[in-house]
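Student: Sharing run-v6.cif, mmCIF, C-alpha atoms:
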```
data_run
#
loop_
_atom_site.group_PDB
_atom_site.id
_atom_site.type_symbol
_atom_site.label_atom_id
_atom_site.label_comp_id
_atom_site.auth_asym_id
_atom_site.auth_seq_id
_atom_site.Cartn_x
_atom_site.Cartn_y
_atom_site.Cartn_z
ATOM 1 C CA MET A 1396 -34.399 -26.897 10.460
ATOM 2 C CA ILE A 1397 -35.835 -26.301 13.909
ATOM 3 C CA GLN A 1398 -38.979 -24.211 13.621
ATOM 4 C CA ILE A 1399 -39.666 -21.332 15.945
ATOM 5 C CA SER A 1400 -42.948 -22.022 17.724
ATOM 6 C CA GLU A 1401 -46.012 -19.803 17.711
ATOM 7 C CA GLY A 1402 -45.647 -19.795 21.508
ATOM 8 C CA LEU A 1403 -42.183 -18.242 21.342
ATOM 9 C CA VAL A 1404 -43.335 -15.705 18.762
ATOM 10 C CA GLY A 1405 -46.330 -14.757 20.900
ATOM 11 C CA LYS A 1406 -44.293 -14.519 24.085
ATOM 12 C CA THR A 1407 -41.634 -12.387 22.357
ATOM 13 C CA TRP A 1408 -44.220 -10.127 20.764
ATOM 14 C CA LEU A 1409 -45.998 -9.593 24.095
ATOM 15 C CA GLU A 1410 -42.766 -8.893 25.983
ATOM 16 C CA ILE A 1411 -41.457 -6.388 23.451
ATOM 17 C CA GLY A 1412 -44.887 -4.810 22.967
ATOM 18 C CA GLY A 1413 -45.191 -4.474 26.733
ATOM 19 C CA LEU A 1414 -41.966 -2.536 27.171
ATOM 20 C CA THR A 1415 -42.737 0.888 28.601
ATOM 21 C CA ASN A 1416 -39.339 1.974 29.858
ATOM 22 C CA LEU A 1417 -37.794 4.094 27.099
ATOM 23 C CA SER A 1418 -34.248 3.081 28.068
ATOM 24 C CA GLU A 1419 -35.143 -0.641 27.698
ATOM 25 C CA ILE A 1420 -36.642 0.011 24.256
ATOM 26 C CA LYS A 1421 -33.590 2.015 23.151
ATOM 27 C CA LYS A 1422 -31.251 -0.692 24.467
ATOM 28 C CA LEU A 1423 -33.077 -3.399 22.526
ATOM 29 C CA GLY A 1424 -32.918 -1.295 19.358
ATOM 30 C CA ALA A 1425 -29.214 -0.652 19.975
ATOM 31 C CA ASP A 1426 -28.608 -4.387 20.487
ATOM 32 C CA PHE A 1427 -30.363 -5.100 17.186
ATOM 33 C CA SER A 1428 -28.162 -2.497 15.458
ATOM 34 C CA LYS A 1429 -25.033 -3.952 17.054
ATOM 35 C CA GLN A 1430 -25.833 -7.599 16.297
ATOM 36 C CA GLN A 1431 -27.227 -7.111 12.781
ATOM 37 C CA PRO A 1432 -26.091 -3.675 11.528
ATOM 38 C CA SER A 1433 -26.625 -4.418 7.834
ATOM 39 C CA LEU A 1434 -30.099 -5.769 8.459
ATOM 40 C CA VAL A 1435 -31.102 -2.692 10.466
ATOM 41 C CA GLU A 1436 -29.630 -0.485 7.743
ATOM 42 C CA PHE A 1437 -31.695 -2.370 5.149
ATOM 43 C CA VAL A 1438 -34.922 -1.904 7.128
ATOM 44 C CA MET A 1439 -34.211 1.790 7.698
ATOM 45 C CA GLU A 1440 -33.278 2.435 4.062
ATOM 46 C CA PHE A 1441 -36.264 0.618 2.583
ATOM 47 C CA THR A 1442 -38.772 2.240 4.954
ATOM 48 C CA LYS A 1443 -37.404 5.796 4.840
ATOM 49 C CA ASN A 1444 -40.006 7.005 2.330
ATOM 50 C CA LEU A 1445 -42.944 5.553 4.230
ATOM 51 C CA ARG A 1446 -45.108 7.478 6.701
ATOM 52 C CA PRO A 1447 -43.432 7.699 10.153
ATOM 53 C CA ASP A 1448 -45.963 5.394 11.841
ATOM 54 C CA VAL A 1449 -45.568 2.809 9.046
ATOM 55 C CA ARG A 1450 -41.766 3.079 9.277
ATOM 56 C CA ASP A 1451 -41.973 2.563 13.056
ATOM 57 C CA LEU A 1452 -44.222 -0.475 12.605
ATOM 58 C CA GLY A 1453 -41.757 -1.971 10.115
ATOM 59 C CA PHE A 1454 -38.846 -1.525 12.508
ATOM 60 C CA TYR A 1455 -40.871 -2.881 15.432
ATOM 61 C CA VAL A 1456 -41.903 -6.043 13.560
ATOM 62 C CA ALA A 1457 -38.309 -6.541 12.334
ATOM 63 C CA LEU A 1458 -37.153 -6.187 15.956
ATOM 64 C CA VAL A 1459 -39.644 -8.818 17.144
ATOM 65 C CA VAL A 1460 -38.630 -11.185 14.316
ATOM 66 C CA TRP A 1461 -34.933 -10.723 15.160
ATOM 67 C CA GLN A 1462 -35.593 -11.359 18.844
ATOM 68 C CA CYS A 1463 -37.503 -14.552 18.029
ATOM 69 C CA PHE A 1464 -34.469 -15.862 16.161
ATOM 70 C CA GLU A 1465 -32.089 -14.676 18.883
ATOM 71 C CA ARG A 1466 -34.093 -16.406 21.583
ATOM 72 C CA ALA A 1467 -34.658 -19.582 19.605
ATOM 73 C CA PHE A 1468 -31.055 -20.048 18.580
ATOM 74 C CA SER A 1469 -29.369 -18.845 21.754
ATOM 75 C CA LYS A 1470 -27.747 -15.768 20.271
ATOM 76 C CA ARG A 1471 -25.617 -17.798 17.880
ATOM 77 C CA LEU A 1472 -26.717 -16.090 14.681
ATOM 78 C CA LYS A 1473 -24.078 -14.942 12.239
ATOM 79 C CA LYS A 1474 -23.932 -11.285 11.225
ATOM 80 C CA ILE A 1475 -25.604 -10.897 7.880
ATOM 81 C CA PRO A 1476 -23.487 -9.134 5.249
ATOM 82 C CA SER A 1477 -25.098 -6.474 3.055
ATOM 83 C CA GLN A 1478 -24.624 -8.505 -0.114
ATOM 84 C CA LYS A 1479 -26.618 -11.439 1.332
ATOM 85 C CA ILE A 1480 -29.466 -9.042 2.128
ATOM 86 C CA ILE A 1481 -29.379 -7.577 -1.374
ATOM 87 C CA ASP A 1482 -29.338 -11.074 -2.879
ATOM 88 C CA ALA A 1483 -32.325 -12.132 -0.739
ATOM 89 C CA TYR A 1484 -34.223 -8.970 -1.664
ATOM 90 C CA GLU A 1485 -33.561 -9.389 -5.378
ATOM 91 C CA ALA A 1486 -34.548 -13.069 -5.264
ATOM 92 C CA PHE A 1487 -37.825 -12.333 -3.488
ATOM 93 C CA ASP A 1488 -38.553 -9.303 -5.660
ATOM 94 C CA SER A 1489 -37.998 -11.459 -8.746
ATOM 95 C CA GLU A 1490 -40.312 -14.126 -7.348
ATOM 96 C CA LEU A 1491 -43.007 -11.512 -6.707
ATOM 97 C CA GLY A 1492 -42.545 -10.154 -10.224
ATOM 98 C CA SER A 1493 -43.342 -13.579 -11.613
ATOM 99 C CA PHE A 1494 -46.902 -13.209 -10.272
ATOM 100 C CA VAL A 1495 -47.693 -10.202 -12.463
ATOM 101 C CA GLY A 1496 -50.241 -11.352 -15.001
ATOM 102 C CA ALA A 1497 -50.142 -14.917 -13.646
ATOM 103 C CA HIS A 1498 -53.209 -17.089 -13.789
ATOM 104 C CA ASP A 1499 -55.179 -17.130 -10.505
ATOM 105 C CA LYS A 1500 -54.759 -20.913 -10.063
ATOM 106 C CA PHE A 1501 -50.969 -20.582 -10.305
ATOM 107 C CA VAL A 1502 -50.925 -17.751 -7.772
ATOM 108 C CA GLN A 1503 -53.178 -19.725 -5.416
ATOM 109 C CA ARG A 1504 -50.915 -22.808 -5.627
ATOM 110 C CA LYS A 1505 -47.837 -20.641 -5.071
ATOM 111 C CA GLY A 1506 -49.506 -19.014 -2.044
ATOM 112 C CA GLU A 1507 -50.165 -22.421 -0.536
ATOM 113 C CA THR A 1508 -46.431 -23.150 -0.567
ATOM 114 C CA LEU A 1509 -45.957 -20.422 2.044
ATOM 115 C CA ALA A 1510 -47.048 -23.085 4.517
ATOM 116 C CA GLU A 1511 -43.795 -24.832 3.616
ATOM 117 C CA TYR A 1512 -41.733 -21.797 4.634
ATOM 118 C CA ALA A 1513 -38.823 -22.588 6.971
ATOM 119 C CA GLN A 1514 -40.312 -20.506 9.801
ATOM 120 C CA PRO A 1515 -44.107 -20.499 9.382
ATOM 121 C CA ALA A 1516 -44.817 -18.998 12.834
ATOM 122 C CA ILE A 1517 -42.666 -15.986 11.936
ATOM 123 C CA LEU A 1518 -44.402 -15.572 8.591
ATOM 124 C CA LEU A 1519 -47.805 -15.902 10.265
ATOM 125 C CA TYR A 1520 -46.868 -13.197 12.813
ATOM 126 C CA VAL A 1521 -45.766 -10.842 10.017
ATOM 127 C CA LEU A 1522 -48.919 -11.470 7.972
ATOM 128 C CA GLU A 1523 -51.252 -11.082 10.954
ATOM 129 C CA THR A 1524 -49.556 -7.855 12.016
ATOM 130 C CA LEU A 1525 -49.636 -6.294 8.554
ATOM 131 C CA PHE A 1526 -53.109 -7.413 7.569
ATOM 132 C CA GLU A 1527 -55.009 -7.140 10.861
ATOM 133 C CA GLU A 1528 -58.250 -5.219 10.582
ATOM 134 C CA GLU A 1529 -57.967 -3.190 13.762
ATOM 135 C CA GLY A 1530 -54.247 -2.565 14.108
ATOM 136 C CA ASP A 1531 -52.731 0.548 15.629
ATOM 137 C CA VAL A 1532 -51.541 1.653 12.183
ATOM 138 C CA GLU A 1533 -53.852 1.648 9.172
ATOM 139 C CA LEU A 1534 -51.848 0.460 6.201
ATOM 140 C CA THR A 1535 -52.638 0.931 2.549
ATOM 141 C CA GLU A 1536 -52.295 -2.101 0.283
ATOM 142 C CA ASP A 1537 -49.043 -0.651 -1.074
ATOM 143 C CA GLU A 1538 -47.654 -0.190 2.445
ATOM 144 C CA GLN A 1539 -48.662 -3.742 3.356
ATOM 145 C CA GLY A 1540 -46.858 -5.029 0.278
ATOM 146 C CA GLU A 1541 -43.727 -2.984 0.906
ATOM 147 C CA LEU A 1542 -43.498 -3.977 4.559
ATOM 148 C CA PHE A 1543 -44.212 -7.620 3.751
ATOM 149 C CA THR A 1544 -41.358 -7.674 1.237
ATOM 150 C CA ILE A 1545 -38.955 -6.041 3.695
ATOM 151 C CA LEU A 1546 -39.941 -8.310 6.585
ATOM 152 C CA LYS A 1547 -39.862 -11.469 4.464
ATOM 153 C CA VAL A 1548 -36.293 -10.576 3.463
ATOM 154 C CA VAL A 1549 -35.419 -9.957 7.127
ATOM 155 C CA SER A 1550 -36.803 -13.360 8.071
ATOM 156 C CA ASP A 1551 -35.118 -15.132 5.142
ATOM 157 C CA CYS A 1552 -31.770 -13.572 6.024
ATOM 158 C CA LEU A 1553 -32.111 -14.520 9.690
ATOM 159 C CA CYS A 1554 -32.984 -18.100 8.660
ATOM 160 C CA ASN A 1555 -29.821 -18.193 6.599
ATOM 161 C CA SER A 1556 -27.741 -16.748 9.444
ATOM 162 C CA ILE A 1557 -28.284 -19.789 11.647
ATOM 163 C CA PRO A 1558 -24.982 -21.669 11.678
ATOM 164 C CA GLU A 1559 -25.214 -25.045 9.931
ATOM 165 C CA GLY A 1560 -24.217 -26.960 13.051
ATOM 166 C CA ILE A 1561 -27.173 -25.723 15.102
ATOM 167 C CA ARG A 1562 -29.931 -25.642 12.471
ATOM 168 C CA ASP A 1563 -31.247 -29.008 13.548
ATOM 169 C CA GLU A 1564 -30.336 -28.944 17.256
ATOM 170 C CA VAL A 1565 -33.190 -28.400 19.657
ATOM 171 C CA PRO A 1566 -31.961 -25.515 21.824
ATOM 172 C CA GLN A 1567 -32.685 -25.917 25.527
ATOM 173 C CA ASN A 1568 -34.804 -22.762 25.590
ATOM 174 C CA LEU A 1569 -37.122 -24.105 22.843
ATOM 175 C CA ALA A 1570 -37.831 -27.291 24.735
ATOM 176 C CA LYS A 1571 -39.631 -25.194 27.379
ATOM 177 C CA ILE A 1572 -41.930 -23.282 25.020
#
```
Can I see the file as structure tokens?
Tutor:
Amino acid sequence: MIQISEGLVGKTWLEIGGLTNLSEIKKLGADFSKQQPSLVEFVMEFTKNLRPDVRDLGFYVALVVWQCFERAFSKRLKKIPSQKIIDAYEAFDSELGSFVGAHDKFVQRKGETLAEYAQPAILLYVLETLFEEEGDVELTEDEQGELFTILKVVSDCLCNSIPEGIRDEVPQNLAKI
């Protein structure tokens, strides 16, 4: 699978973070809702009990992740059905549950496999955003964990929404970044 570069992630993050025109921000959010309604619904549902600033951060990071995939794969992503999102959530939740009471060496080895993730630059962006020391939003460990789970599911679902025929093509726009 073609990997999204750290350059594209950084450029996307800076562009979206630099938006100041409220109508542009609302349009981007509306486009996200139109292109991936079930994914947006998932993010909204699973963040609804979090503090407003944490909920906003979760939506913002999901928006950046979605835009990275949109830009990398030339807007050819399939709409993700609700059941695929639920399946991805349950699979990841089950995987996380397997760590409870696990020996430290096992957990460390499992953590090292994150480097083998299909889109490591996306995962790195999510981790850096959630665990940065001096971020705009101070997150508790529980909030970090909840948002990480949600955003990992978002990323996994977007990875799986790339049509088979283009997964290994190098899109023209990636050749420039």
Student: Between CA of Ser1428 in chain A and CA of Leu1519 in chain A, what is the spacing in Å?
Tutor: 24.3 Å
Student: With only C-alpha atoms as the basis for distance, which of A:Cys1463, A:Ala1483, A:Cys1552, A:Leu1542 is at the shortest distance from Gln1398 in chain A?
Tutor: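 Closest candidate: A:Cys1463.
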Student: Would you mind reading off the distance between CA of Val1404 in chain A and CA of Asp1451 in chain A, one decimal, in Å?
Tutor: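 Atom-to-atom, CA of Val1404 in chain A and CA of Asp1451 in chain A are spaced 19.2 Å apart.
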Student: Which residues come within 12 Å of Ile1411 in chain A, counting all atoms listed in the file, excluding same-chain residues fewer than 3 positions away, as a list in words?
Tutor: Val1404, Gly1405, Lys1406, Thr1407, Trp1408, Leu1414, Thr1415, Asn1416, Leu1417, Glu1419, Ile1420, Lys1421, Lys1422, Leu1423, Gly1424, Tyr1455, Val1456, Ala1457, Leu1458, Val1459, Val1460, Trp1461, Gln1462 and Cys1463 of chain A
Student: Exactly which residues make up the result of the PyMOL selection byres ((chain A and resi 1469-1477) around 10) on this file, given as a PyMOL selection string?
Tutor: chain A and resi 1429-1434+1436-1437+1461-1468+1478-1483+1549+1552-1558+1561+1566-1569
Student: Suppose you want the space between CA of Ile1399 in chain A and CA of Asp1531 in chain A; what is it in Å?
Tutor: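 Calculated distance between CA of Ile1399 in chain A and CA of Asp1531 in chain A is 25.5 Å.
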Student: Need the shell around Pro1515 in chain A: protein/DNA/RNA residues with any atom at most 12 Å away, counting only C-alpha atoms. Skip same-chain ones fewer than 2 positions apart. Format as a ChimeraX atom specification?
Tutor: /A:1396-1401,1404,1460,1507-1513,1517-1523,1547,1550-1551,1554
Student: Counting only C-alpha atoms, which of A:Pro1447, A:Glu1541, A:Leu1525, A:Gln1514 gets nearest to Asp1488 in chain A?
Tutor: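 So, comparing all the options, the nearest one is A:Glu1541.
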Student: Between A:Thr1535, A:Thr1544, A:Thr1442, A:Ser1418, which residue has the minimum interatomic distance to Ser1489 in chain A, considering all atoms listed in the file?
Tutor: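 Nearest to Ser1489 in chain A: A:Thr1544.
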Student: Would you please take range 1525-1559 of chain A of the structure in the block above and write N, CA, C and O atoms to a file as a PDB file, in the first residue's frame?
Tutor:
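As a result, part.pdb now contains:
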```
ATOM      1  N   LEU A1525      -1.860  13.987  20.392  1.00  0.00           N
ATOM      2  CA  LEU A1525      -2.504  13.611  21.650  1.00  0.00           C
ATOM      3  C   LEU A1525      -1.558  13.630  22.844  1.00  0.00           C
ATOM      4  O   LEU A1525      -1.992  13.848  23.970  1.00  0.00           O
ATOM      5  N   PHE A1526      -0.281  13.392  22.600  1.00  0.00           N
ATOM      6  CA  PHE A1526       0.646  13.251  23.707  1.00  0.00           C
ATOM      7  C   PHE A1526       1.663  14.384  23.804  1.00  0.00           C
ATOM      8  O   PHE A1526       2.613  14.288  24.571  1.00  0.00           O
ATOM      9  N   GLU A1527       1.447  15.475  23.039  1.00  0.00           N
ATOM     10  CA  GLU A1527       2.382  16.591  23.116  1.00  0.00           C
ATOM     11  C   GLU A1527       2.270  17.273  24.472  1.00  0.00           C
ATOM     12  O   GLU A1527       1.193  17.373  25.046  1.00  0.00           O
ATOM     13  N   GLU A1528       3.400  17.714  24.964  1.00  0.00           N
ATOM     14  CA  GLU A1528       3.480  18.309  26.296  1.00  0.00           C
ATOM     15  C   GLU A1528       2.784  19.668  26.375  1.00  0.00           C
ATOM     16  O   GLU A1528       2.155  19.983  27.363  1.00  0.00           O
ATOM     17  N   GLU A1529       2.929  20.464  25.346  1.00  0.00           N
ATOM     18  CA  GLU A1529       2.435  21.835  25.410  1.00  0.00           C
ATOM     19  C   GLU A1529       1.353  22.103  24.368  1.00  0.00           C
ATOM     20  O   GLU A1529       1.364  23.112  23.692  1.00  0.00           O
ATOM     21  N   GLY A1530       0.404  21.183  24.258  1.00  0.00           N
ATOM     22  CA  GLY A1530      -0.673  21.354  23.300  1.00  0.00           C
ATOM     23  C   GLY A1530      -1.674  22.392  23.775  1.00  0.00           C
ATOM     24  O   GLY A1530      -1.647  22.851  24.919  1.00  0.00           O
ATOM     25  N   ASP A1531      -2.564  22.772  22.881  1.00  0.00           N
ATOM     26  CA  ASP A1531      -3.596  23.751  23.216  1.00  0.00           C
ATOM     27  C   ASP A1531      -4.600  23.197  24.220  1.00  0.00           C
ATOM     28  O   ASP A1531      -5.206  23.948  24.971  1.00  0.00           O
ATOM     29  N   VAL A1532      -4.771  21.868  24.201  1.00  0.00           N
ATOM     30  CA  VAL A1532      -5.734  21.210  25.084  1.00  0.00           C
ATOM     31  C   VAL A1532      -4.974  20.239  25.976  1.00  0.00           C
ATOM     32  O   VAL A1532      -4.254  19.376  25.482  1.00  0.00           O
ATOM     33  N   GLU A1533      -5.122  20.412  27.295  1.00  0.00           N
ATOM     34  CA  GLU A1533      -4.488  19.462  28.213  1.00  0.00           C
ATOM     35  C   GLU A1533      -5.412  18.259  28.344  1.00  0.00           C
ATOM     36  O   GLU A1533      -6.575  18.386  28.715  1.00  0.00           O
ATOM     37  N   LEU A1534      -4.873  17.106  28.018  1.00  0.00           N
ATOM     38  CA  LEU A1534      -5.654  15.875  28.054  1.00  0.00           C
ATOM     39  C   LEU A1534      -5.252  15.019  29.242  1.00  0.00           C
ATOM     40  O   LEU A1534      -4.067  14.906  29.546  1.00  0.00           O
ATOM     41  N   THR A1535      -6.246  14.400  29.867  1.00  0.00           N
ATOM     42  CA  THR A1535      -5.942  13.416  30.892  1.00  0.00           C
ATOM     43  C   THR A1535      -5.510  12.130  30.186  1.00  0.00           C
ATOM     44  O   THR A1535      -5.706  11.979  28.968  1.00  0.00           O
ATOM     45  N   GLU A1536      -4.948  11.198  30.925  1.00  0.00           N
ATOM     46  CA  GLU A1536      -4.563   9.921  30.321  1.00  0.00           C
ATOM     47  C   GLU A1536      -5.776   9.204  29.740  1.00  0.00           C
ATOM     48  O   GLU A1536      -5.693   8.599  28.669  1.00  0.00           O
ATOM     49  N   ASP A1537      -6.903   9.274  30.436  1.00  0.00           N
ATOM     50  CA  ASP A1537      -8.128   8.637  29.927  1.00  0.00           C
ATOM     51  C   ASP A1537      -8.573   9.276  28.613  1.00  0.00           C
ATOM     52  O   ASP A1537      -8.959   8.578  27.678  1.00  0.00           O
ATOM     53  N   GLU A1538      -8.519  10.607  28.544  1.00  0.00           N
ATOM     54  CA  GLU A1538      -8.913  11.298  27.314  1.00  0.00           C
ATOM     55  C   GLU A1538      -7.963  10.955  26.174  1.00  0.00           C
ATOM     56  O   GLU A1538      -8.406  10.756  25.038  1.00  0.00           O
ATOM     57  N   GLN A1539      -6.673  10.881  26.470  1.00  0.00           N
ATOM     58  CA  GLN A1539      -5.701  10.478  25.451  1.00  0.00           C
ATOM     59  C   GLN A1539      -6.040   9.092  24.919  1.00  0.00           C
ATOM     60  O   GLN A1539      -6.032   8.874  23.707  1.00  0.00           O
ATOM     61  N   GLY A1540      -6.334   8.178  25.823  1.00  0.00           N
ATOM     62  CA  GLY A1540      -6.671   6.812  25.420  1.00  0.00           C
ATOM     63  C   GLY A1540      -7.939   6.738  24.596  1.00  0.00           C
ATOM     64  O   GLY A1540      -7.993   6.043  23.580  1.00  0.00           O
ATOM     65  N   GLU A1541      -8.967   7.468  25.027  1.00  0.00           N
ATOM     66  CA  GLU A1541     -10.229   7.466  24.284  1.00  0.00           C
ATOM     67  C   GLU A1541     -10.050   8.050  22.884  1.00  0.00           C
ATOM     68  O   GLU A1541     -10.516   7.474  21.899  1.00  0.00           O
ATOM     69  N   LEU A1542      -9.385   9.199  22.809  1.00  0.00           N
ATOM     70  CA  LEU A1542      -9.182   9.818  21.499  1.00  0.00           C
ATOM     71  C   LEU A1542      -8.281   8.955  20.615  1.00  0.00           C
ATOM     72  O   LEU A1542      -8.525   8.841  19.410  1.00  0.00           O
ATOM     73  N   PHE A1543      -7.257   8.343  21.201  1.00  0.00           N
ATOM     74  CA  PHE A1543      -6.395   7.485  20.395  1.00  0.00           C
ATOM     75  C   PHE A1543      -7.202   6.336  19.790  1.00  0.00           C
ATOM     76  O   PHE A1543      -7.070   6.042  18.597  1.00  0.00           O
ATOM     77  N   THR A1544      -8.040   5.708  20.589  1.00  0.00           N
ATOM     78  CA  THR A1544      -8.861   4.605  20.082  1.00  0.00           C
ATOM     79  C   THR A1544      -9.753   5.075  18.938  1.00  0.00           C
ATOM     80  O   THR A1544      -9.809   4.444  17.882  1.00  0.00           O
ATOM     81  N   ILE A1545     -10.426   6.184  19.133  1.00  0.00           N
ATOM     82  CA  ILE A1545     -11.328   6.728  18.108  1.00  0.00           C
ATOM     83  C   ILE A1545     -10.557   7.045  16.826  1.00  0.00           C
ATOM     84  O   ILE A1545     -10.962   6.660  15.728  1.00  0.00           O
ATOM     85  N   LEU A1546      -9.427   7.721  16.972  1.00  0.00           N
ATOM     86  CA  LEU A1546      -8.664   8.158  15.798  1.00  0.00           C
ATOM     87  C   LEU A1546      -7.958   7.004  15.100  1.00  0.00           C
ATOM     88  O   LEU A1546      -7.800   7.013  13.881  1.00  0.00           O
ATOM     89  N   LYS A1547      -7.573   5.993  15.846  1.00  0.00           N
ATOM     90  CA  LYS A1547      -6.984   4.791  15.235  1.00  0.00           C
ATOM     91  C   LYS A1547      -8.048   4.088  14.403  1.00  0.00           C
ATOM     92  O   LYS A1547      -7.771   3.634  13.285  1.00  0.00           O
ATOM     93  N   VAL A1548      -9.266   4.013  14.899  1.00  0.00           N
ATOM     94  CA  VAL A1548     -10.364   3.410  14.137  1.00  0.00           C
ATOM     95  C   VAL A1548     -10.645   4.228  12.883  1.00  0.00           C
ATOM     96  O   VAL A1548     -10.838   3.679  11.802  1.00  0.00           O
ATOM     97  N   VAL A1549     -10.648   5.549  13.005  1.00  0.00           N
ATOM     98  CA  VAL A1549     -10.849   6.421  11.840  1.00  0.00           C
ATOM     99  C   VAL A1549      -9.795   6.117  10.783  1.00  0.00           C
ATOM    100  O   VAL A1549     -10.097   5.911   9.603  1.00  0.00           O
ATOM    101  N   SER A1550      -8.542   6.081  11.202  1.00  0.00           N
ATOM    102  CA  SER A1550      -7.451   5.814  10.266  1.00  0.00           C
ATOM    103  C   SER A1550      -7.562   4.418   9.645  1.00  0.00           C
ATOM    104  O   SER A1550      -7.393   4.256   8.430  1.00  0.00           O
ATOM    105  N   ASP A1551      -7.838   3.416  10.473  1.00  0.00           N
ATOM    106  CA  ASP A1551      -7.992   2.050   9.956  1.00  0.00           C
ATOM    107  C   ASP A1551      -9.105   1.980   8.911  1.00  0.00           C
ATOM    108  O   ASP A1551      -8.943   1.355   7.862  1.00  0.00           O
ATOM    109  N   CYS A1552     -10.217   2.617   9.211  1.00  0.00           N
ATOM    110  CA  CYS A1552     -11.354   2.593   8.276  1.00  0.00           C
ATOM    111  C   CYS A1552     -11.006   3.308   6.974  1.00  0.00           C
ATOM    112  O   CYS A1552     -11.368   2.832   5.893  1.00  0.00           O
ATOM    113  N   LEU A1553     -10.316   4.434   7.070  1.00  0.00           N
ATOM    114  CA  LEU A1553      -9.913   5.145   5.854  1.00  0.00           C
ATOM    115  C   LEU A1553      -8.924   4.315   5.040  1.00  0.00           C
ATOM    116  O   LEU A1553      -8.998   4.285   3.815  1.00  0.00           O
ATOM    117  N   CYS A1554      -8.009   3.620   5.723  1.00  0.00           N
ATOM    118  CA  CYS A1554      -7.083   2.712   5.008  1.00  0.00           C
ATOM    119  C   CYS A1554      -7.870   1.671   4.219  1.00  0.00           C
ATOM    120  O   CYS A1554      -7.553   1.384   3.067  1.00  0.00           O
ATOM    121  N   ASN A1555      -8.884   1.140   4.861  1.00  0.00           N
ATOM    122  CA  ASN A1555      -9.682   0.087   4.226  1.00  0.00           C
ATOM    123  C   ASN A1555     -10.634   0.622   3.164  1.00  0.00           C
ATOM    124  O   ASN A1555     -11.208  -0.156   2.404  1.00  0.00           O
ATOM    125  N   SER A1556     -10.811   1.943   3.108  1.00  0.00           N
ATOM    126  CA  SER A1556     -11.726   2.516   2.122  1.00  0.00           C
ATOM    127  C   SER A1556     -11.032   2.850   0.802  1.00  0.00           C
ATOM    128  O   SER A1556     -11.670   3.299  -0.139  1.00  0.00           O
ATOM    129  N   ILE A1557      -9.731   2.615   0.748  1.00  0.00           N
ATOM    130  CA  ILE A1557      -8.993   2.864  -0.486  1.00  0.00           C
ATOM    131  C   ILE A1557      -9.316   1.725  -1.443  1.00  0.00           C
ATOM    132  O   ILE A1557      -9.088   0.560  -1.106  1.00  0.00           O
ATOM    133  N   PRO A1558      -9.867   2.032  -2.595  1.00  0.00           N
ATOM    134  CA  PRO A1558     -10.201   0.951  -3.538  1.00  0.00           C
ATOM    135  C   PRO A1558      -8.972   0.105  -3.878  1.00  0.00           C
ATOM    136  O   PRO A1558      -7.866   0.633  -4.018  1.00  0.00           O
ATOM    137  N   GLU A1559      -9.181  -1.190  -3.976  1.00  0.00           N
ATOM    138  CA  GLU A1559      -8.091  -2.139  -4.248  1.00  0.00           C
ATOM    139  C   GLU A1559      -7.224  -1.708  -5.428  1.00  0.00           C
ATOM    140  O   GLU A1559      -6.017  -1.803  -5.372  1.00  0.00           O
TER     141      GLU A1559
END
```
